[in-house]
Amino acid sequence: MSAKRAAFDLKNLTQWILPVAIIAIWQLLSSVGFIPERVLPSPAAVVLAGWKLLLSGELLTNMWVSFRRAIIGLVIGGGIGFSLGLANGLSRRSERVLDSTLQMVRNIPHLAMIPLVILWFGIDETAKIFLVAVGVFFPIYINTQHGIRNVDAQLVEMGHTYGMTPAELFWRVYLPGALPSIFVGLRYALGIMWLTLIVAETIAASSGIGYMAMQAREFLLVDIVVLSIVIYALLGKLADSLARLLERACLSWHPAFQRN
Amino acid sequence: MNTRVEIPSIQRETLKPAARPIAGLPIQVEGLKKSFGDNEVLRGLEFEINAGEFIAIVGRSGCGKSTLLRLLVGLDAATGGSFRIGDDEPNAVDRDQVRVMFQEPRLLPWASVLANVEVGLGAQRRSPDGRRRALDTLQRVGLLERRAEWPSVLSGGQKQRVALSRALVSRPRVLAFDEPLGALDALTRISMQRLLEQVWADQGFTALLVTHDVAEAVTLADRVLVIEDGRISLDLRIDLPRPRERGSADVAALEGRILRELFKNARAGDDA
């Protein structure tokens, strides 16, 4: 058991070798003056900038603002996408009414709506939440519908022969059968969520990580700009890790998620 | 090969029809027809099945034997004619009395072995002894110790045994099998055949076995119905003592007779 555990830890460590090496080389090149501070500050300088912003409270405030926009947008857009995906996956009639319209709207890049969104909502919270919601809607909608549609028809027939009610059929057959596909949609949506937020906050915002980066650019504070990018990367990684953890917990029956 | 033949040899006494409880329901089929568009698959079938009888339905692929089974278990609606199970209304299927086992196990991959068996309780799932009955049935098929596992880790034969206990747990009075052993290897098939015969002997349900394996039909059934071109071309009673041995002279003689019937009307290049 302990040998197995040690091997597992070692495997876990392996994935950190490359990032740590890159940061070490970056620091080395900055320290010897090969990379000018104006172009790219050293990792130490970025950490220092982060520490200062942390102490002033500015960092946490902006992170909280961005996080809040991301989550609210995800819940609204994802919730609507999930509901419509279920409806159109389960009912052919609902699909006939809604699907072709939704597919047309899908072909509009949602970031192209930024000028319109600014006209509609100004640059307050609603604008950012709206854009995030539109962005996460489609991956969740499409993957939920696809997941429901692809539930094994033989299992559904089995459920019928054993007298399952429509509710039981949904909870015991359709939903668990669609879950792997829904998780694919969720992870894809999380990527789009951060991307949308970065763009929206950079263009039109008065708070948040993107706003912090744009303000720093005005004053040529390259270390804060780099810090903002790193924070986006970390938040993205964190969201994806949480989704994977949830996926692993919910899909433990799936051969792809079974250990050994 | 991890499927062992672990079913003890069957005692002759337990297989005498008189010694079993009569739990099966009789089935009457009158002029049953089924068409898909212009394609008439069943052209007026006419037969009766006694309570507790083990019937095998054989025929070439596409002869309509699986269609007949799907009608009798209520998965499809007949185009004409009628059938009657026990005292039920014509063409009505009481889902809790009639169970079906398919060629594929059709287990829920996201439910444990035990939970899959409990699906079979159907309308009785809220009954207080449901869990105990599910466990008993799992023990009956020799998979009690695998109850907490996911179906994906089981072998093909084990999955079919779980599907069998799911079909048995509600103590059905008619059990229909649609080529349930078709996807299994030869040794697993033989042990599954013995298991089917045993549970049928114990519980006395009416058994309907659709199969393309004539030897299997002769080994297991009281009566073999041969379906050709949507009609019954042969209704043969098998009066051999049980358990029957595959490959014995009696079994082989009857098997030969059914095969001759099946090939009598076959034209060259006609086999599907």
# chains A, B, ... in the order shown; residues from 1 in each chain; ligands from 1
>>> residues_around(residues="segment 174-190 of chain A", least_positions_apart="4", cutoff="8 Å", atoms="only C-alpha atoms", output="list in words")
Leu74, Gly135, Val136, Phe137, Pro139, Ile140, Tyr141, Ile142, Asn143, Thr144, His146, Gly147, Ile148, Asn150, Val151, Asp152, Val156, Leu169, Phe170, Trp194, Gly236, Ala239, Asp240, Ala243, Glu247 and Leu251 of chain A; Trp110 of chain B
>>> interface_residues(of="chain B", to="chain A", cutoff="8 Å", atoms="only C-alpha atoms", output="list in words")
Leu75, Arg95, Asp96, Arg99, Val100, Arg106, Leu107, Leu108, Pro109, Trp110, Ala111, Val119, Gly120, Leu121, Gly122, Ala123, Trp150 and Ser152 of chain B
>>> write_last_selection(atoms="N, CA and C atoms", output="PDB file, in the first residue's frame")
ATOM      1  N   LEU B  75     -44.094  -5.553 -26.284  1.00  0.00           N
ATOM      2  CA  LEU B  75     -43.176  -4.533 -26.791  1.00  0.00           C
ATOM      3  C   LEU B  75     -43.625  -3.980 -28.138  1.00  0.00           C
ATOM      4  N   ARG B  95     -47.266  -6.352 -16.905  1.00  0.00           N
ATOM      5  CA  ARG B  95     -45.811  -6.226 -16.890  1.00  0.00           C
ATOM      6  C   ARG B  95     -45.151  -6.954 -15.713  1.00  0.00           C
ATOM      7  N   ASP B  96     -45.881  -7.095 -14.608  1.00  0.00           N
ATOM      8  CA  ASP B  96     -45.255  -7.733 -13.460  1.00  0.00           C
ATOM      9  C   ASP B  96     -45.312  -9.250 -13.519  1.00  0.00           C
ATOM     10  N   ARG B  99     -42.062 -11.377 -17.898  1.00  0.00           N
ATOM     11  CA  ARG B  99     -40.733 -10.787 -17.963  1.00  0.00           C
ATOM     12  C   ARG B  99     -40.031 -11.261 -19.221  1.00  0.00           C
ATOM     13  N   VAL B 100     -39.088 -10.453 -19.670  1.00  0.00           N
ATOM     14  CA  VAL B 100     -38.365 -10.839 -20.876  1.00  0.00           C
ATOM     15  C   VAL B 100     -36.865 -10.681 -20.649  1.00  0.00           C
ATOM     16  N   ARG B 106     -28.443  -5.855 -21.124  1.00  0.00           N
ATOM     17  CA  ARG B 106     -29.153  -4.585 -20.874  1.00  0.00           C
ATOM     18  C   ARG B 106     -29.152  -4.216 -19.402  1.00  0.00           C
ATOM     19  N   LEU B 107     -27.991  -4.277 -18.766  1.00  0.00           N
ATOM     20  CA  LEU B 107     -27.872  -3.827 -17.383  1.00  0.00           C
ATOM     21  C   LEU B 107     -27.566  -2.340 -17.381  1.00  0.00           C
ATOM     22  N   LEU B 108     -28.038  -1.636 -16.333  1.00  0.00           N
ATOM     23  CA  LEU B 108     -27.702  -0.221 -16.208  1.00  0.00           C
ATOM     24  C   LEU B 108     -26.243  -0.132 -15.779  1.00  0.00           C
ATOM     25  N   PRO B 109     -25.365   0.460 -16.611  1.00  0.00           N
ATOM     26  CA  PRO B 109     -23.935   0.456 -16.266  1.00  0.00           C
ATOM     27  C   PRO B 109     -23.651   1.273 -15.011  1.00  0.00           C
ATOM     28  N   TRP B 110     -24.551   2.225 -14.684  1.00  0.00           N
ATOM     29  CA  TRP B 110     -24.318   3.118 -13.544  1.00  0.00           C
ATOM     30  C   TRP B 110     -25.000   2.621 -12.281  1.00  0.00           C
ATOM     31  N   ALA B 111     -25.490   1.389 -12.292  1.00  0.00           N
ATOM     32  CA  ALA B 111     -26.093   0.840 -11.083  1.00  0.00           C
ATOM     33  C   ALA B 111     -25.342  -0.432 -10.704  1.00  0.00           C
ATOM     34  N   VAL B 119     -34.141  -3.470 -10.054  1.00  0.00           N
ATOM     35  CA  VAL B 119     -34.972  -2.914 -11.127  1.00  0.00           C
ATOM     36  C   VAL B 119     -36.072  -3.909 -11.480  1.00  0.00           C
ATOM     37  N   GLY B 120     -35.736  -5.200 -11.389  1.00  0.00           N
ATOM     38  CA  GLY B 120     -36.675  -6.257 -11.760  1.00  0.00           C
ATOM     39  C   GLY B 120     -37.864  -6.397 -10.828  1.00  0.00           C
ATOM     40  N   LEU B 121     -37.804  -5.740  -9.661  1.00  0.00           N
ATOM     41  CA  LEU B 121     -38.945  -5.832  -8.754  1.00  0.00           C
ATOM     42  C   LEU B 121     -40.168  -5.130  -9.337  1.00  0.00           C
ATOM     43  N   GLY B 122     -39.931  -4.208 -10.277  1.00  0.00           N
ATOM     44  CA  GLY B 122     -41.042  -3.525 -10.933  1.00  0.00           C
ATOM     45  C   GLY B 122     -41.950  -2.856  -9.934  1.00  0.00           C
ATOM     46  N   ALA B 123     -43.230  -3.136 -10.017  1.00  0.00           N
ATOM     47  CA  ALA B 123     -44.208  -2.479  -9.144  1.00  0.00           C
ATOM     48  C   ALA B 123     -44.033  -2.893  -7.684  1.00  0.00           C
ATOM     49  N   TRP B 150     -19.769  -2.947 -10.213  1.00  0.00           N
ATOM     50  CA  TRP B 150     -20.377  -2.395 -11.424  1.00  0.00           C
ATOM     51  C   TRP B 150     -20.493  -3.506 -12.467  1.00  0.00           C
ATOM     52  N   SER B 152     -19.777  -3.448 -15.486  1.00  0.00           N
ATOM     53  CA  SER B 152     -18.703  -3.446 -16.485  1.00  0.00           C
ATOM     54  C   SER B 152     -17.553  -4.385 -16.133  1.00  0.00           C
TER      55      SER B 152
END
>>> residues_around(residues="segment 204-218 of chain A", least_positions_apart="5", cutoff="8 Å", atoms="only C-alpha atoms", output="JSON, numbers by chain")
{"A": [59, 61, 62, 63, 64, 65, 66, 118, 123, 124, 197, 198, 199, 224, 225, 228, 232]}
>>> write_last_selection(atoms="N, CA, C and O atoms", output="PDB file, in the first residue's frame")
ATOM      1  N   LEU A  59      -6.258  42.873  -4.922  1.00  0.00           N
ATOM      2  CA  LEU A  59      -6.228  41.620  -5.667  1.00  0.00           C
ATOM      3  C   LEU A  59      -7.463  40.768  -5.368  1.00  0.00           C
ATOM      4  O   LEU A  59      -8.167  40.320  -6.271  1.00  0.00           O
ATOM      5  N   THR A  61     -10.284  41.640  -4.000  1.00  0.00           N
ATOM      6  CA  THR A  61     -11.526  42.284  -4.427  1.00  0.00           C
ATOM      7  C   THR A  61     -11.780  42.026  -5.904  1.00  0.00           C
ATOM      8  O   THR A  61     -12.877  41.621  -6.304  1.00  0.00           O
ATOM      9  N   ASN A  62     -10.736  42.245  -6.730  1.00  0.00           N
ATOM     10  CA  ASN A  62     -10.915  42.053  -8.165  1.00  0.00           C
ATOM     11  C   ASN A  62     -11.167  40.584  -8.527  1.00  0.00           C
ATOM     12  O   ASN A  62     -11.964  40.283  -9.411  1.00  0.00           O
ATOM     13  N   MET A  63     -10.457  39.678  -7.821  1.00  0.00           N
ATOM     14  CA  MET A  63     -10.681  38.260  -8.091  1.00  0.00           C
ATOM     15  C   MET A  63     -12.102  37.876  -7.737  1.00  0.00           C
ATOM     16  O   MET A  63     -12.762  37.132  -8.466  1.00  0.00           O
ATOM     17  N   TRP A  64     -12.577  38.384  -6.611  1.00  0.00           N
ATOM     18  CA  TRP A  64     -13.942  38.068  -6.178  1.00  0.00           C
ATOM     19  C   TRP A  64     -14.949  38.572  -7.203  1.00  0.00           C
ATOM     20  O   TRP A  64     -15.885  37.848  -7.575  1.00  0.00           O
ATOM     21  N   VAL A  65     -14.727  39.808  -7.706  1.00  0.00           N
ATOM     22  CA  VAL A  65     -15.645  40.372  -8.700  1.00  0.00           C
ATOM     23  C   VAL A  65     -15.676  39.490  -9.949  1.00  0.00           C
ATOM     24  O   VAL A  65     -16.754  39.130 -10.459  1.00  0.00           O
ATOM     25  N   SER A  66     -14.483  39.101 -10.429  1.00  0.00           N
ATOM     26  CA  SER A  66     -14.434  38.265 -11.639  1.00  0.00           C
ATOM     27  C   SER A  66     -15.076  36.909 -11.400  1.00  0.00           C
ATOM     28  O   SER A  66     -15.843  36.401 -12.232  1.00  0.00           O
ATOM     29  N   ILE A 118     -22.850  46.491 -24.904  1.00  0.00           N
ATOM     30  CA  ILE A 118     -22.502  47.739 -24.205  1.00  0.00           C
ATOM     31  C   ILE A 118     -23.619  48.762 -24.397  1.00  0.00           C
ATOM     32  O   ILE A 118     -24.007  49.479 -23.469  1.00  0.00           O
ATOM     33  N   ILE A 123     -21.618  49.329 -19.106  1.00  0.00           N
ATOM     34  CA  ILE A 123     -20.492  48.480 -18.738  1.00  0.00           C
ATOM     35  C   ILE A 123     -20.665  47.923 -17.330  1.00  0.00           C
ATOM     36  O   ILE A 123     -19.720  47.559 -16.662  1.00  0.00           O
ATOM     37  N   ASP A 124     -21.902  47.837 -16.868  1.00  0.00           N
ATOM     38  CA  ASP A 124     -22.073  47.317 -15.510  1.00  0.00           C
ATOM     39  C   ASP A 124     -22.122  45.791 -15.510  1.00  0.00           C
ATOM     40  O   ASP A 124     -21.873  45.136 -16.527  1.00  0.00           O
ATOM     41  N   LEU A 197     -14.945  36.236 -20.147  1.00  0.00           N
ATOM     42  CA  LEU A 197     -14.763  37.194 -19.072  1.00  0.00           C
ATOM     43  C   LEU A 197     -13.508  38.054 -19.304  1.00  0.00           C
ATOM     44  O   LEU A 197     -13.533  39.270 -19.106  1.00  0.00           O
ATOM     45  N   ILE A 198     -12.443  37.420 -19.741  1.00  0.00           N
ATOM     46  CA  ILE A 198     -11.205  38.164 -20.007  1.00  0.00           C
ATOM     47  C   ILE A 198     -11.471  39.257 -21.031  1.00  0.00           C
ATOM     48  O   ILE A 198     -11.151  40.430 -20.823  1.00  0.00           O
ATOM     49  N   VAL A 199     -12.105  38.871 -22.138  1.00  0.00           N
ATOM     50  CA  VAL A 199     -12.350  39.837 -23.209  1.00  0.00           C
ATOM     51  C   VAL A 199     -13.278  40.939 -22.719  1.00  0.00           C
ATOM     52  O   VAL A 199     -12.997  42.133 -22.876  1.00  0.00           O
ATOM     53  N   ILE A 224       2.148  43.635 -13.133  1.00  0.00           N
ATOM     54  CA  ILE A 224       0.734  43.387 -12.805  1.00  0.00           C
ATOM     55  C   ILE A 224      -0.007  42.781 -14.000  1.00  0.00           C
ATOM     56  O   ILE A 224      -0.875  41.927 -13.852  1.00  0.00           O
ATOM     57  N   VAL A 225       0.377  43.226 -15.209  1.00  0.00           N
ATOM     58  CA  VAL A 225      -0.236  42.631 -16.410  1.00  0.00           C
ATOM     59  C   VAL A 225       0.043  41.124 -16.437  1.00  0.00           C
ATOM     60  O   VAL A 225      -0.859  40.305 -16.630  1.00  0.00           O
ATOM     61  N   SER A 228      -1.908  39.263 -13.830  1.00  0.00           N
ATOM     62  CA  SER A 228      -3.313  39.040 -14.193  1.00  0.00           C
ATOM     63  C   SER A 228      -3.448  37.824 -15.105  1.00  0.00           C
ATOM     64  O   SER A 228      -4.353  37.002 -14.946  1.00  0.00           O
ATOM     65  N   TYR A 232      -5.530  34.363 -14.347  1.00  0.00           N
ATOM     66  CA  TYR A 232      -6.516  33.760 -15.246  1.00  0.00           C
ATOM     67  C   TYR A 232      -6.187  32.293 -15.501  1.00  0.00           C
ATOM     68  O   TYR A 232      -7.062  31.427 -15.488  1.00  0.00           O
TER      69      TYR A 232
END
>>> residues_around(residues="Ser94 of chain A", least_positions_apart="5", cutoff="12 Å", atoms="only C-alpha atoms", output="JSON, numbers by chain")
{"A": [83, 84, 85, 86, 87, 88, 89, 99, 100, 101, 102, 145]}
>>> residues_around(residues="Arg84 of chain B", least_positions_apart="5", cutoff="10 Å", atoms="only C-alpha atoms", output="mmCIF file with N, CA and C atoms, in the first residue's frame")
data_model
loop_
_atom_site.group_PDB
_atom_site.id
_atom_site.type_symbol
_atom_site.label_atom_id
_atom_site.label_comp_id
_atom_site.auth_asym_id
_atom_site.auth_seq_id
_atom_site.Cartn_x
_atom_site.Cartn_y
_atom_site.Cartn_z
ATOM 1 N N LEU B 25 -48.628 -19.318 -16.443
ATOM 2 C CA LEU B 25 -49.917 -18.973 -17.032
ATOM 3 C C LEU B 25 -50.002 -19.588 -18.429
ATOM 4 N N PRO B 26 -51.194 -20.060 -18.817
ATOM 5 C CA PRO B 26 -51.347 -20.545 -20.192
ATOM 6 C C PRO B 26 -51.452 -19.373 -21.165
ATOM 7 N N ILE B 27 -51.091 -19.609 -22.400
ATOM 8 C CA ILE B 27 -51.179 -18.560 -23.418
ATOM 9 C C ILE B 27 -51.940 -19.119 -24.617
ATOM 10 N N GLN B 28 -52.908 -18.341 -25.091
ATOM 11 C CA GLN B 28 -53.655 -18.723 -26.284
ATOM 12 C C GLN B 28 -53.380 -17.719 -27.378
ATOM 13 N N VAL B 29 -53.018 -18.210 -28.547
ATOM 14 C CA VAL B 29 -52.732 -17.312 -29.663
ATOM 15 C C VAL B 29 -53.696 -17.640 -30.785
ATOM 16 N N GLU B 30 -54.425 -16.608 -31.240
ATOM 17 C CA GLU B 30 -55.430 -16.847 -32.279
ATOM 18 C C GLU B 30 -55.245 -15.902 -33.455
ATOM 19 N N GLU B 48 -51.556 -22.913 -28.783
ATOM 20 C CA GLU B 48 -51.827 -22.761 -27.360
ATOM 21 C C GLU B 48 -50.623 -23.226 -26.571
ATOM 22 N N LEU B 72 -45.841 -10.914 -27.761
ATOM 23 C CA LEU B 72 -46.364 -11.597 -26.572
ATOM 24 C C LEU B 72 -45.929 -10.937 -25.266
ATOM 25 N N GLU B 89 -57.196 -9.685 -20.234
ATOM 26 C CA GLU B 89 -57.867 -9.227 -21.437
ATOM 27 C C GLU B 89 -57.032 -9.632 -22.644
ATOM 28 N N PRO B 90 -57.680 -9.857 -23.795
ATOM 29 C CA PRO B 90 -56.906 -10.172 -24.996
ATOM 30 C C PRO B 90 -55.893 -9.072 -25.308
ATOM 31 N N ASN B 91 -54.713 -9.469 -25.726
ATOM 32 C CA ASN B 91 -53.609 -8.579 -26.126
ATOM 33 C C ASN B 91 -53.094 -7.688 -24.993
ATOM 34 N N ALA B 92 -53.488 -7.977 -23.751
ATOM 35 C CA ALA B 92 -52.977 -7.188 -22.629
ATOM 36 C C ALA B 92 -51.821 -7.952 -21.984
ATOM 37 N N VAL B 93 -50.805 -7.209 -21.582
ATOM 38 C CA VAL B 93 -49.661 -7.836 -20.939
ATOM 39 C C VAL B 93 -49.470 -7.211 -19.567
#
>>> atom_distance(atom1="atom CA of Arg68 of chain A", atom2="atom CA of Leu53 of chain A")
19.2 Å
>>> atom_distance(atom1="atom CA of Val218 of chain B", atom2="atom CA of Ser61 of chain B")
18.2 Å
>>> atom_distance(atom1="atom CA of Val58 of chain B", atom2="atom CA of Glu40 of chain B")
18.3 Å
>>> select_by_dssp(residues="segment 13-257 of chain B", states="helix (DSSP H, G or I)", output="NGL selection string")
:B and (13-15 or 17-19 or 65-72 or 113-119 or 122-126 or 130-140 or 144-146 or 151-153 or 156-168 or 186-203 or 214-220 or 249-257)
>>> residues_around(residues="Arg223 of chain B", least_positions_apart="3", cutoff="8 Å", atoms="only C-alpha atoms", output="list in words")
Glu53, Phe54, Ile55, Ala56, Asp235, Leu236, Arg237 and Ile238 of chain B
>>> select_by_dssp(residues="segment 104-222 of chain B", states="strand (DSSP E)", output="VMD selection string")
chain B and resid 174 to 178 206 to 210
>>> write_last_selection(atoms="C-alpha atoms", output="JSON list (two decimals), in the first residue's frame")
[["chain", "number", "residue", "atom", "x", "y", "z"],
["B", 174, "VAL", "CA", -44.33, -16.07, -17.96],
["B", 175, "LEU", "CA", -40.66, -15.64, -18.83],
["B", 176, "ALA", "CA", -39.68, -14.95, -22.43],
["B", 177, "PHE", "CA", -36.11, -15.36, -23.66],
["B", 178, "ASP", "CA", -35.00, -13.73, -26.91],
["B", 206, "THR", "CA", -44.27, -20.65, -18.55],
["B", 207, "ALA", "CA", -41.07, -20.34, -20.58],
["B", 208, "LEU", "CA", -40.85, -19.04, -24.15],
["B", 209, "LEU", "CA", -37.41, -19.46, -25.64],
["B", 210, "VAL", "CA", -36.63, -17.96, -29.04]]
>>> residues_around(residues="Gly157 of chain B", least_positions_apart="4", cutoff="9 Å", atoms="only C-alpha atoms", output="list in words")
Thr3, Arg161, Val162, Leu181, Ala183, Leu184, Asp185, Thr188, Arg189 and Met192 of chain B
>>> closest_residue(among="B:Ser35, B:Ala215, B:Lys264, B:Val98", to="Gly247 of chain B", atoms="only C-alpha atoms")
B:Ala215
